[in-house]
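Colleague: My questions will all concern the structure given below.
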Amino acid sequence: MAPLADMFQYDFMVRAVVGGLLVSLLCSVLSLFVLLKRLAFAGVGISHAALGGISLGLVTGVNPLLTALLVCVATAFGIGAVSRTGRLTEDVAIGILTTGLMAFGVVLVGFAGTYQGDLFSYLFGNILAVSTGQLVSLAGVAVLVLGFIGFFYKELLFVSFDEEVARVTGVPARLLGYGLLVAIACTVVAAIHVVGLVLASALLVIPAAVGFQMADNWRGILGISILSGWLAVFIGLTSSYLWDLASGGSIVLALVMLFFAAFMVRRVRDARPA
């Protein structure tokens, strides 16, 4: 077993830690609104839709992350448009659009069998191979998404609790809803190199779920959400380094364990007599 202190002597591990912390910060902040607005399925759906964009990029020779971003943003707008202007609920709109795009990606992969190895890396990620350029791009996405969340924080909370009342009082609820979906789309694409498409949706749900178990106010929930995401990154990467485990999967499993620990603590706390 390699000494833990040696982990940070390698440049690739330092880049992995920085990338993991950035992605977990993004996802942890967004996860608060994902849970409040019940958009967990949206995160799953958009990550599935990204498969169509990545397959399109691999087949056409265009940067797969660029095509995935364009497809995810278009999917976000499509989800908002169908759920608001049609007679369908948001989860039905997500199911139709994203499964269709995922099927489109599977069909494209069938025409390009030589790209299946590359597709695997996008599906499951490889945080240990994150480059400096990818970190810069990730930091840019983080600035944009977190800037949007910070600027409209109070309005987003208002819309998450009662969209109808928020709209009546002059809050641009529809525009903020689209903005939140686009932020989720950008975050899913940004998380591809860290945990891949398959596990990205977990990072958009579990951190805030931990916060909801441990805190009773929104600042506390957000703070615990961020801390749990960072702790999971550290635990996951440490486990990967020491025992040669898959990094992305280890990070998500660490988050799942943190959730169940928080859940048990909450149950014990609630069971105590007042």
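Chain labels run A, B, ... following the order of the structure tokens; each chain numbers its residues from 1, and ligands are numbered from 1 in the order shown.
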Quick one: residues within 9 Å of A:Glu163, only C-alpha atoms counted, chain neighbours fewer than 5 positions away excluded, as an MDAnalysis selection string?

Modeller: chainID A and resid 158 168 171 173:174

Colleague: Kindly indicate which residue among A:Leu123, A:Ala208, A:Leu135, A:Met264 lies nearest to A:Gly249, using only C-alpha atoms for the distances.

Modeller: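 That would be A:Leu123, the residue with the smallest distance to A:Gly249.
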
Colleague: Which value, in Å to one decimal, gives the distance between atom CA of A:Leu128 and atom CA of A:Thr98?

Modeller: 28.8 Å

Colleague: Please, what distance in Å, to one decimal, runs between atom CA of A:Leu108 and atom CA of A:Leu39?

Modeller: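 Pair atom CA of A:Leu108 / atom CA of A:Leu39 returns 28.1 Å.
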
Colleague: Which is closer to A:Leu97 than all the others in A:Leu119, A:Ala49, A:Ala129, A:Ala68, using only C-alpha atoms?

Modeller: A:Ala49

Colleague: At a cut-off of 8 Å, using only C-alpha atoms, what residues contact A:Leu204? Leave out same-chain residues fewer than 6 positions from it and give the result as an NGL selection string.

Modeller: :A and (27-28 or 30-31 or 34 or 40 or 43)

Colleague: My list of candidates is A:Ile149, A:Ala93, A:Ala74, A:Val188. Which is closest to A:Leu176 when distances are computed with only C-alpha atoms?

Modeller: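 For A:Leu176, the nearest of the candidates is A:Ile149.
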
Colleague: Nearest to A:Val252 among A:Leu35, A:Val268, A:Leu203, A:Ile224, with distances taken over only C-alpha atoms: which residue is it?

Modeller: A:Leu203

Colleague: Report as a PyMOL selection string all protein, DNA and RNA residues lying within 12 Å of A:Gly57, evaluated on only C-alpha atoms, omitting residues in the same chain fewer than 5 positions from it.

Modeller: chain A and resi 50-52+62-71+105+108-109+112+115+118-119+122

Colleague: Taking only C-alpha atoms into account, name the residue in A:Gly100, A:Phe263, A:Ile127, A:Val17 that is nearest to A:Ala215.

Modeller: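 Answer, going by the shortest atom-to-atom distance: A:Phe263.
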